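Here is the structure we will look at, set down as structure tokens.
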Amino acid sequence: MNKIILLNSRPKGTPSLKNFKITEEQKPEPGEGELLLESKYISVDPYLRGRMRDEESYIPPFEVGMPLESMIIAEVIKSNNSNFKKGDFVSGMLQWKEFQISQGKGLNKINKDKAPLSAYLGILGLTGLTAYIALDKIADLKEGETMVVSGAAGAVGSVAGQIGKIKGCKVIGIAGSDEKIEEITDKFGFDSGINYKTTSNMKKALAEKCPNGIDVYYDNVGGEILDAVMQNINDFARIINCGAISLYNKEEMPTGPRVEGILIKKSALMQGFLVRNHVKDFGPAINQLATWLGEGKLEYEETIKKGFENTPQAFLDLFEGKNKGKMIVEV
């Protein structure tokens, strides 16, 4: 039999295990031109929360009673497709199933000898690409500038901060524990960090850490932290809106400070970023990330939860900050 994970119901507020259902179906067999894939590593990401809402977005919502999907590393178990052979490893947007059929469309072969398989979901996958391409397209980093990263111990934030250091910037990270602050400074090379959970005045804390103001802000959380950063930006600052995890479980959109006046006064740029808009740039970006990784200029962190049935809990853990770096399920 083949285990699958379905969206059992749409969450109201913070998701829970009752929103998921683990069931079984008959293990499939590939037809002409098809592959049988066995899932090895499953990526769980905060953006999946948005797909649980029944509303229009940049990607279709999940359907209740149907399998969820995300980026998955899989092994080709059987192949009736001349483009793939048994034993190949591939990455792609696949369903949360132990085994599944694919026609090969949207799959990318990956080299397990170049990097660990799980790395292709993180540093060499969409999270690494998100950090690299957003900075390349929007930040226009200049040596000596000050860059702030929220969600700094996460999969995207930790890579963004390291790229900032490679580019010669002073980098300040914001994270939710002293342990994470120690990690981003000791392992990832950030100049310093701020624990937002123990900081009562973020505006003041940022001013102290960034006495010359903030030139680039890589935002993964939105909300009140974004509000505090905006009070400290320099003229011609660039703000990348990559994520807003602080808002994902809100049933109504909260009202915060208006940023129009600051953007005008500072001639600043604030731009939303979706990595899927830059597929044509993936090849060069992966090559650069792989080069830096090989040169020892990039480090990465993974939190790996074992067991297919633990995939929903791994997703829920993201909203409690229980991950260091990329959250991955090893099937």
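To be explicit about the labels: the chains of the structure tokens are called A, B, and onward in the order shown, and within each one the residues are counted from 1, while ligands get numbers from 1 in the order they are shown.
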Within 9 Å of stretch 206-223 of chain A, which residues of stretch 61-144 of chain A come that close, and what is the closest atom pair and distance in Å for each? Count only C-alpha atoms and give it as a Markdown table.
| residue | atom | partner | partner_atom | distance |
| --- | --- | --- | --- | --- |
| A:Ala131 | CA | A:Tyr218 | CA | 8.7 |
| A:Ala134 | CA | A:Tyr218 | CA | 8.7 |
| A:Leu135 | CA | A:Tyr218 | CA | 8.2 |
| A:Ala139 | CA | A:Val216 | CA | 6.4 |
| A:Asp140 | CA | A:Val216 | CA | 8.8 |
| A:Leu141 | CA | A:Val216 | CA | 7.7 |
Per residue of stretch 8-48 of chain A within 6 Å of stretch 72-91 of chain A, what are the shortest atom pair and its distance in Å to one decimal, counting only C-alpha atoms, with rows by chain and residue number, as JSON lines?
{"residue": "A:Glu32", "atom": "CA", "partner": "A:Asn80", "partner_atom": "CA", "distance": 5.7}
{"residue": "A:Gly33", "atom": "CA", "partner": "A:Asn81", "partner_atom": "CA", "distance": 4.4}
{"residue": "A:Glu34", "atom": "CA", "partner": "A:Asn80", "partner_atom": "CA", "distance": 5.3}
{"residue": "A:Leu35", "atom": "CA", "partner": "A:Ser79", "partner_atom": "CA", "distance": 4.6}
{"residue": "A:Leu36", "atom": "CA", "partner": "A:Lys78", "partner_atom": "CA", "distance": 5.1}
{"residue": "A:Leu37", "atom": "CA", "partner": "A:Val76", "partner_atom": "CA", "distance": 4.8}
{"residue": "A:Glu38", "atom": "CA", "partner": "A:Glu75", "partner_atom": "CA", "distance": 5.2}
{"residue": "A:Ser39", "atom": "CA", "partner": "A:Ala74", "partner_atom": "CA", "distance": 4.3}
{"residue": "A:Lys40", "atom": "CA", "partner": "A:Ala74", "partner_atom": "CA", "distance": 5.1}
{"residue": "A:Tyr41", "atom": "CA", "partner": "A:Ile73", "partner_atom": "CA", "distance": 5.1}
{"residue": "A:Ile42", "atom": "CA", "partner": "A:Ile72", "partner_atom": "CA", "distance": 4.6}
Output the selection as a compact mmCIF listing (two decimals), in the first residue's frame - N, CA, C and O atoms for each residue.
# COMPACT_ATOMS: atom_id res chain seq x y z
N GLU A 32 2.96 3.60 -20.07
CA GLU A 32 3.87 4.00 -21.15
C GLU A 32 4.28 5.46 -20.98
O GLU A 32 3.44 6.34 -20.79
N GLY A 33 5.59 5.71 -21.01
CA GLY A 33 6.12 7.07 -20.89
C GLY A 33 6.14 7.60 -19.47
O GLY A 33 6.45 8.78 -19.25
N GLU A 34 5.82 6.74 -18.49
CA GLU A 34 5.70 7.20 -17.11
C GLU A 34 6.82 6.67 -16.22
O GLU A 34 7.53 5.73 -16.57
N LEU A 35 6.94 7.29 -15.03
CA LEU A 35 7.94 6.90 -14.03
C LEU A 35 7.22 6.57 -12.74
O LEU A 35 6.19 7.17 -12.41
N LEU A 36 7.79 5.65 -11.96
CA LEU A 36 7.36 5.44 -10.59
C LEU A 36 8.41 6.07 -9.69
O LEU A 36 9.59 5.70 -9.75
N LEU A 37 7.98 7.05 -8.90
CA LEU A 37 8.89 7.77 -8.02
C LEU A 37 8.66 7.39 -6.57
O LEU A 37 7.51 7.22 -6.14
N GLU A 38 9.74 7.26 -5.83
CA GLU A 38 9.67 7.05 -4.38
C GLU A 38 10.20 8.30 -3.68
O GLU A 38 11.36 8.69 -3.90
N SER A 39 9.38 8.93 -2.87
CA SER A 39 9.79 10.15 -2.18
C SER A 39 10.89 9.84 -1.17
O SER A 39 10.82 8.87 -0.42
N LYS A 40 11.90 10.70 -1.15
CA LYS A 40 13.02 10.55 -0.21
C LYS A 40 13.07 11.70 0.80
O LYS A 40 13.28 11.48 1.98
N TYR A 41 12.89 12.94 0.31
CA TYR A 41 12.90 14.12 1.17
C TYR A 41 11.78 15.06 0.75
O TYR A 41 11.60 15.32 -0.44
N ILE A 42 11.03 15.56 1.74
CA ILE A 42 9.92 16.46 1.48
C ILE A 42 10.22 17.82 2.10
O ILE A 42 10.61 17.91 3.27
Run DSSP on the backbone and grab whatever in stretch 50-193 of chain A lands in strand (DSSP E); send it over as a tab-separated table (two decimals) with all heavy atoms, in the first residue's frame.
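As a result, states36.tsv now contains:
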chain	number	residue	atom	x	y	z
A	69	GLU	N	1.03	19.22	-1.75
A	69	GLU	CA	2.23	19.07	-2.56
A	69	GLU	C	3.25	20.12	-2.16
A	69	GLU	O	2.92	21.18	-1.61
A	69	GLU	CB	1.90	19.20	-4.05
A	69	GLU	CG	1.41	20.57	-4.48
A	69	GLU	CD	1.20	20.69	-5.98
A	69	GLU	OE1	1.13	19.64	-6.65
A	69	GLU	OE2	1.11	21.83	-6.46
A	70	SER	N	4.50	19.81	-2.43
A	70	SER	CA	5.60	20.74	-2.22
A	70	SER	C	6.80	20.20	-2.99
A	70	SER	O	6.70	19.18	-3.68
A	70	SER	CB	5.93	20.88	-0.72
A	70	SER	OG	6.38	19.64	-0.19
A	71	MET	N	7.93	20.86	-2.88
A	71	MET	CA	9.13	20.35	-3.52
A	71	MET	C	9.58	19.06	-2.82
A	71	MET	O	9.63	18.99	-1.59
A	71	MET	CB	10.26	21.38	-3.48
A	71	MET	CG	10.01	22.59	-4.37
A	71	MET	SD	9.84	22.19	-6.13
A	71	MET	CE	11.49	21.57	-6.50
A	72	ILE	N	9.91	18.06	-3.63
A	72	ILE	CA	10.27	16.74	-3.11
A	72	ILE	C	11.47	16.21	-3.89
A	72	ILE	O	11.57	16.40	-5.10
A	72	ILE	CB	9.08	15.76	-3.22
A	72	ILE	CG1	7.99	16.15	-2.22
A	72	ILE	CG2	9.52	14.31	-3.00
A	72	ILE	CD1	6.75	15.26	-2.27
A	73	ILE	N	12.38	15.56	-3.17
A	73	ILE	CA	13.44	14.79	-3.80
A	73	ILE	C	12.98	13.34	-3.87
A	73	ILE	O	12.57	12.77	-2.85
A	73	ILE	CB	14.76	14.87	-3.00
A	73	ILE	CG1	15.20	16.32	-2.82
A	73	ILE	CG2	15.85	14.05	-3.69
A	73	ILE	CD1	15.51	17.06	-4.08
A	74	ALA	N	13.01	12.77	-5.06
A	74	ALA	CA	12.51	11.40	-5.24
A	74	ALA	C	13.51	10.57	-6.04
A	74	ALA	O	14.34	11.11	-6.79
A	74	ALA	CB	11.15	11.42	-5.94
A	75	GLU	N	13.40	9.26	-5.88
A	75	GLU	CA	14.22	8.33	-6.66
A	75	GLU	C	13.33	7.63	-7.68
A	75	GLU	O	12.19	7.27	-7.39
A	75	GLU	CB	14.85	7.29	-5.74
A	75	GLU	CG	15.75	6.30	-6.47
A	75	GLU	CD	16.43	5.30	-5.56
A	75	GLU	OE1	16.21	5.37	-4.32
A	75	GLU	OE2	17.17	4.44	-6.07
A	76	VAL	N	13.87	7.47	-8.88
A	76	VAL	CA	13.15	6.75	-9.93
A	76	VAL	C	13.27	5.25	-9.64
A	76	VAL	O	14.36	4.68	-9.67
A	76	VAL	CB	13.71	7.07	-11.33
A	76	VAL	CG1	12.99	6.26	-12.39
A	76	VAL	CG2	13.59	8.57	-11.63
A	77	ILE	N	12.13	4.61	-9.34
A	77	ILE	CA	12.10	3.18	-9.01
A	77	ILE	C	11.88	2.34	-10.25
A	77	ILE	O	12.49	1.28	-10.43
A	77	ILE	CB	11.00	2.90	-7.96
A	77	ILE	CG1	11.24	3.75	-6.70
A	77	ILE	CG2	10.97	1.42	-7.61
A	77	ILE	CD1	12.58	3.50	-6.03
A	78	LYS	N	10.99	2.81	-11.12
A	78	LYS	CA	10.75	2.16	-12.41
A	78	LYS	C	10.62	3.25	-13.46
A	78	LYS	O	10.09	4.32	-13.19
A	78	LYS	CB	9.47	1.32	-12.39
A	78	LYS	CG	9.51	0.13	-11.45
A	78	LYS	CD	8.20	-0.66	-11.52
A	78	LYS	CE	8.21	-1.84	-10.56
A	78	LYS	NZ	6.92	-2.60	-10.61
A	79	SER	N	11.08	2.97	-14.67
A	79	SER	CA	11.00	3.98	-15.73
A	79	SER	C	10.57	3.38	-17.05
A	79	SER	O	11.17	2.41	-17.53
A	79	SER	CB	12.36	4.68	-15.91
A	79	SER	OG	12.30	5.60	-16.99
A	89	PHE	N	17.94	10.37	-9.39
A	89	PHE	CA	17.30	11.19	-8.37
A	89	PHE	C	16.82	12.47	-9.02
A	89	PHE	O	17.52	13.07	-9.84
A	89	PHE	CB	18.27	11.50	-7.22
A	89	PHE	CG	18.55	10.32	-6.34
A	89	PHE	CD1	19.67	9.51	-6.59
A	89	PHE	CD2	17.71	9.99	-5.29
A	89	PHE	CE1	19.94	8.40	-5.79
A	89	PHE	CE2	17.97	8.88	-4.49
A	89	PHE	CZ	19.09	8.10	-4.75
A	90	VAL	N	15.61	12.90	-8.65
A	90	VAL	CA	15.00	14.07	-9.27
A	90	VAL	C	14.40	14.97	-8.19
A	90	VAL	O	14.10	14.53	-7.07
A	90	VAL	CB	13.90	13.68	-10.27
A	90	VAL	CG1	14.48	12.86	-11.42
A	90	VAL	CG2	12.77	12.91	-9.59
A	91	SER	N	14.22	16.24	-8.54
A	91	SER	CA	13.49	17.17	-7.69
A	91	SER	C	12.33	17.74	-8.49
A	91	SER	O	12.41	17.87	-9.72
A	91	SER	CB	14.40	18.30	-7.20
A	91	SER	OG	14.83	19.11	-8.29
A	92	GLY	N	11.26	18.06	-7.81
A	92	GLY	CA	10.11	18.63	-8.49
A	92	GLY	C	8.97	18.89	-7.52
A	92	GLY	O	9.01	18.47	-6.35
A	93	MET	N	7.97	19.62	-7.99
A	93	MET	CA	6.76	19.86	-7.20
A	93	MET	C	5.90	18.61	-7.29
A	93	MET	O	5.29	18.33	-8.33
A	93	MET	CB	6.03	21.08	-7.74
A	93	MET	CG	4.84	21.51	-6.89
A	93	MET	SD	5.31	22.14	-5.25
A	93	MET	CE	6.10	23.70	-5.69
A	94	LEU	N	5.87	17.85	-6.20
A	94	LEU	CA	5.21	16.55	-6.19
A	94	LEU	C	4.24	16.45	-5.01
A	94	LEU	O	4.32	17.22	-4.06
A	94	LEU	CB	6.25	15.44	-6.12
A	94	LEU	CG	7.23	15.35	-7.30
A	94	LEU	CD1	8.38	14.40	-6.97
A	94	LEU	CD2	6.50	14.90	-8.57
A	95	GLN	N	3.36	15.46	-5.08
A	95	GLN	CA	2.36	15.27	-4.04
A	95	GLN	C	2.96	14.58	-2.82
A	95	GLN	O	3.95	13.86	-2.91
A	95	GLN	CB	1.18	14.47	-4.58
A	95	GLN	CG	0.39	15.20	-5.66
A	95	GLN	CD	-0.81	14.42	-6.13
A	95	GLN	OE1	-0.79	13.19	-6.19
A	95	GLN	NE2	-1.88	15.12	-6.46
A	99	PHE	N	4.82	6.94	-2.80
A	99	PHE	CA	5.08	6.58	-4.19
A	99	PHE	C	4.09	7.32	-5.08
A	99	PHE	O	2.92	7.50	-4.71
A	99	PHE	CB	4.93	5.07	-4.41
A	99	PHE	CG	5.92	4.23	-3.65
A	99	PHE	CD1	5.62	3.78	-2.37
A	99	PHE	CD2	7.14	3.89	-4.21
A	99	PHE	CE1	6.53	3.00	-1.66
A	99	PHE	CE2	8.06	3.11	-3.51
A	99	PHE	CZ	7.75	2.68	-2.23
A	100	GLN	N	4.54	7.73	-6.28
A	100	GLN	CA	3.62	8.39	-7.21
A	100	GLN	C	4.13	8.24	-8.64
A	100	GLN	O	5.31	7.97	-8.88
A	100	GLN	CB	3.44	9.85	-6.86
A	100	GLN	CG	4.69	10.69	-6.86
A	100	GLN	CD	4.45	12.02	-6.17
A	100	GLN	OE1	3.76	12.89	-6.70
A	100	GLN	NE2	4.99	12.17	-4.97
A	101	ILE	N	3.19	8.45	-9.55
A	101	ILE	CA	3.49	8.36	-10.98
A	101	ILE	C	3.77	9.76	-11.53
A	101	ILE	O	3.12	10.73	-11.15
A	101	ILE	CB	2.30	7.73	-11.74
A	101	ILE	CG1	2.06	6.30	-11.26
A	101	ILE	CG2	2.55	7.77	-13.25
A	101	ILE	CD1	3.22	5.36	-11.52
A	102	SER	N	4.73	9.84	-12.43
A	102	SER	CA	5.03	11.11	-13.11
A	102	SER	C	5.31	10.82	-14.58
A	102	SER	O	5.83	9.76	-14.92
A	102	SER	CB	6.24	11.78	-12.47
A	102	SER	OG	6.69	12.88	-13.25
A	108	ASN	N	13.63	17.73	-12.39
A	108	ASN	CA	15.03	18.05	-12.66
A	108	ASN	C	15.92	16.99	-12.06
A	108	ASN	O	15.80	16.66	-10.87
A	108	ASN	CB	15.40	19.42	-12.06
A	108	ASN	CG	14.64	20.55	-12.71
A	108	ASN	OD1	14.75	20.77	-13.91
A	108	ASN	ND2	13.85	21.27	-11.92
A	109	LYS	N	16.80	16.43	-12.87
A	109	LYS	CA	17.75	15.46	-12.34
A	109	LYS	C	18.75	16.18	-11.44
A	109	LYS	O	19.17	17.31	-11.73
A	109	LYS	CB	18.50	14.76	-13.48
A	109	LYS	CG	17.63	13.86	-14.34
A	109	LYS	CD	18.47	13.19	-15.42
A	109	LYS	CE	17.61	12.37	-16.37
A	109	LYS	NZ	18.41	11.70	-17.42
A	146	THR	N	24.79	48.60	5.05
A	146	THR	CA	24.23	47.85	6.17
A	146	THR	C	22.97	47.14	5.71
A	146	THR	O	22.06	47.75	5.16
A	146	THR	CB	23.90	48.79	7.34
A	146	THR	OG1	25.11	49.39	7.83
A	146	THR	CG2	23.23	48.02	8.48
A	147	MET	N	22.94	45.85	5.96
A	147	MET	CA	21.81	45.00	5.55
A	147	MET	C	21.23	44.32	6.78
A	147	MET	O	21.96	43.81	7.64
A	147	MET	CB	22.30	43.96	4.55
A	147	MET	CG	21.29	42.91	4.15
A	147	MET	SD	22.03	41.77	2.93
A	147	MET	CE	20.86	40.42	2.97
A	148	VAL	N	19.91	44.32	6.89
A	148	VAL	CA	19.21	43.63	7.98
A	148	VAL	C	18.38	42.50	7.38
A	148	VAL	O	17.75	42.67	6.33
A	148	VAL	CB	18.31	44.61	8.77
A	148	VAL	CG1	17.44	43.85	9.78
A	148	VAL	CG2	19.17	45.65	9.48
A	149	VAL	N	18.38	41.35	8.06
A	149	VAL	CA	17.62	40.18	7.61
A	149	VAL	C	16.75	39.69	8.76
A	149	VAL	O	17.24	39.44	9.86
A	149	VAL	CB	18.57	39.03	7.18
A	149	VAL	CG1	17.76	37.85	6.67
A	149	VAL	CG2	19.56	39.50	6.13
A	150	SER	N	15.43	39.58	8.52
A	150	SER	CA	14.56	38.95	9.51
A	150	SER	C	14.39	37.47	9.16
A	150	SER	O	14.65	37.06	8.04
A	150	SER	CB	13.20	39.66	9.57
A	150	SER	OG	12.56	39.61	8.31
A	170	LYS	N	27.79	45.02	6.03
A	170	LYS	CA	27.57	44.74	7.44
A	170	LYS	C	26.19	44.14	7.54
A	170	LYS	O	25.22	44.71	7.03
A	170	LYS	CB	27.64	46.03	8.26
A	170	LYS	CG	27.31	45.83	9.74
A	170	LYS	CD	27.36	47.16	10.50
A	170	LYS	CE	26.99	46.96	11.96
A	170	LYS	NZ	27.03	48.24	12.72
A	171	VAL	N	26.05	42.96	8.19
A	171	VAL	CA	24.78	42.24	8.19
A	171	VAL	C	24.31	42.00	9.62
A	171	VAL	O	25.03	41.44	10.45
A	171	VAL	CB	24.90	40.90	7.45
A	171	VAL	CG1	23.56	40.17	7.45
A	171	VAL	CG2	25.37	41.11	6.01
A	172	ILE	N	23.08	42.44	9.90
A	172	ILE	CA	22.44	42.25	11.19
A	172	ILE	C	21.26	41.31	11.00
A	172	ILE	O	20.43	41.50	10.12
A	172	ILE	CB	21.92	43.58	11.78
A	172	ILE	CG1	23.01	44.66	11.73
A	172	ILE	CG2	21.40	43.38	13.20
A	172	ILE	CD1	24.27	44.33	12.47
A	173	GLY	N	21.16	40.28	11.84
A	173	GLY	CA	20.08	39.32	11.73
A	173	GLY	C	19.09	39.44	12.87
A	173	GLY	O	19.47	39.77	14.00
A	174	ILE	N	17.83	39.18	12.58
A	174	ILE	CA	16.77	39.16	13.60
A	174	ILE	C	16.23	37.75	13.68
A	174	ILE	O	15.86	37.15	12.65
A	174	ILE	CB	15.64	40.14	13.24
A	174	ILE	CG1	16.19	41.56	13.10
A	174	ILE	CG2	14.54	40.10	14.29
A	174	ILE	CD1	15.18	42.56	12.56
A	175	ALA	N	16.19	37.18	14.89
A	175	ALA	CA	15.70	35.81	15.08
A	175	ALA	C	15.04	35.72	16.45
A	175	ALA	O	15.04	36.68	17.22
A	175	ALA	CB	16.85	34.81	14.95
A	192	SER	N	26.11	40.76	13.86
A	192	SER	CA	25.43	40.68	15.15
A	192	SER	C	23.97	40.36	14.91
A	192	SER	O	23.52	40.27	13.76
A	192	SER	CB	25.56	41.99	15.95
A	192	SER	OG	24.95	43.05	15.26
A	193	GLY	N	23.21	40.19	16.00
A	193	GLY	CA	21.81	39.83	15.85
A	193	GLY	C	20.96	40.40	16.97
A	193	GLY	O	21.47	40.88	17.99
Any chance you could list, as number ranges by chain, the residues in stretch 4-131 of chain A that come up helix (DSSP H, G or I) when DSSP is run on the backbone?
-> A: 17-19, 48-51, 117-121, 126-131
Let me see the file: selected residues, C-alpha atoms, as a PDB file, in the first residue's frame.
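Here's the written file out35.pdb:
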ATOM      1  CA  LEU A  17      -3.009  18.191  12.920  1.00  0.00           C
ATOM      2  CA  LYS A  18      -6.790  17.859  12.459  1.00  0.00           C
ATOM      3  CA  ASN A  19      -6.415  19.768   9.174  1.00  0.00           C
ATOM      4  CA  LEU A  48       2.061  26.371   2.047  1.00  0.00           C
ATOM      5  CA  ARG A  49      -0.230  27.969   4.656  1.00  0.00           C
ATOM      6  CA  GLY A  50      -1.480  30.384   2.005  1.00  0.00           C
ATOM      7  CA  ARG A  51      -2.423  27.515  -0.297  1.00  0.00           C
ATOM      8  CA  LEU A 117      20.249  15.106  -1.639  1.00  0.00           C
ATOM      9  CA  SER A 118      18.571  17.248   1.007  1.00  0.00           C
ATOM     10  CA  ALA A 119      20.673  20.258  -0.034  1.00  0.00           C
ATOM     11  CA  TYR A 120      18.654  20.446  -3.252  1.00  0.00           C
ATOM     12  CA  LEU A 121      15.629  21.451  -1.175  1.00  0.00           C
ATOM     13  CA  LEU A 126      14.179  27.104  -3.918  1.00  0.00           C
ATOM     14  CA  THR A 127      15.298  28.608  -0.616  1.00  0.00           C
ATOM     15  CA  GLY A 128      18.849  29.275  -1.773  1.00  0.00           C
ATOM     16  CA  LEU A 129      17.509  30.541  -5.095  1.00  0.00           C
ATOM     17  CA  THR A 130      15.071  32.831  -3.298  1.00  0.00           C
ATOM     18  CA  ALA A 131      17.856  34.435  -1.282  1.00  0.00           C
TER      19      ALA A 131
END
Of the residues A:Thr185, A:Asn232, A:Ser177, A:Thr198, which is the one nearest to A:Ser158, using only C-alpha atoms?
->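 Distance minimum relative to A:Ser158 lands on A:Thr185.
Interatomic distance, atom CA of A:Lys21 to atom CA of A:Ile59: 22.3 Å.
Minimum atom-to-atom distances from A:Lys114, A:Lys324, A:Lys12, A:Lys203 to A:Gly294 were compared using only C-alpha atoms, and the lowest value belongs to A:Lys114.
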Just give me the gap between atom CA of A:Gly325 and atom CA of A:Gly122 in Å, one decimal is fine.
->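 Pair atom CA of A:Gly325 / atom CA of A:Gly122 returns 8.3 Å.
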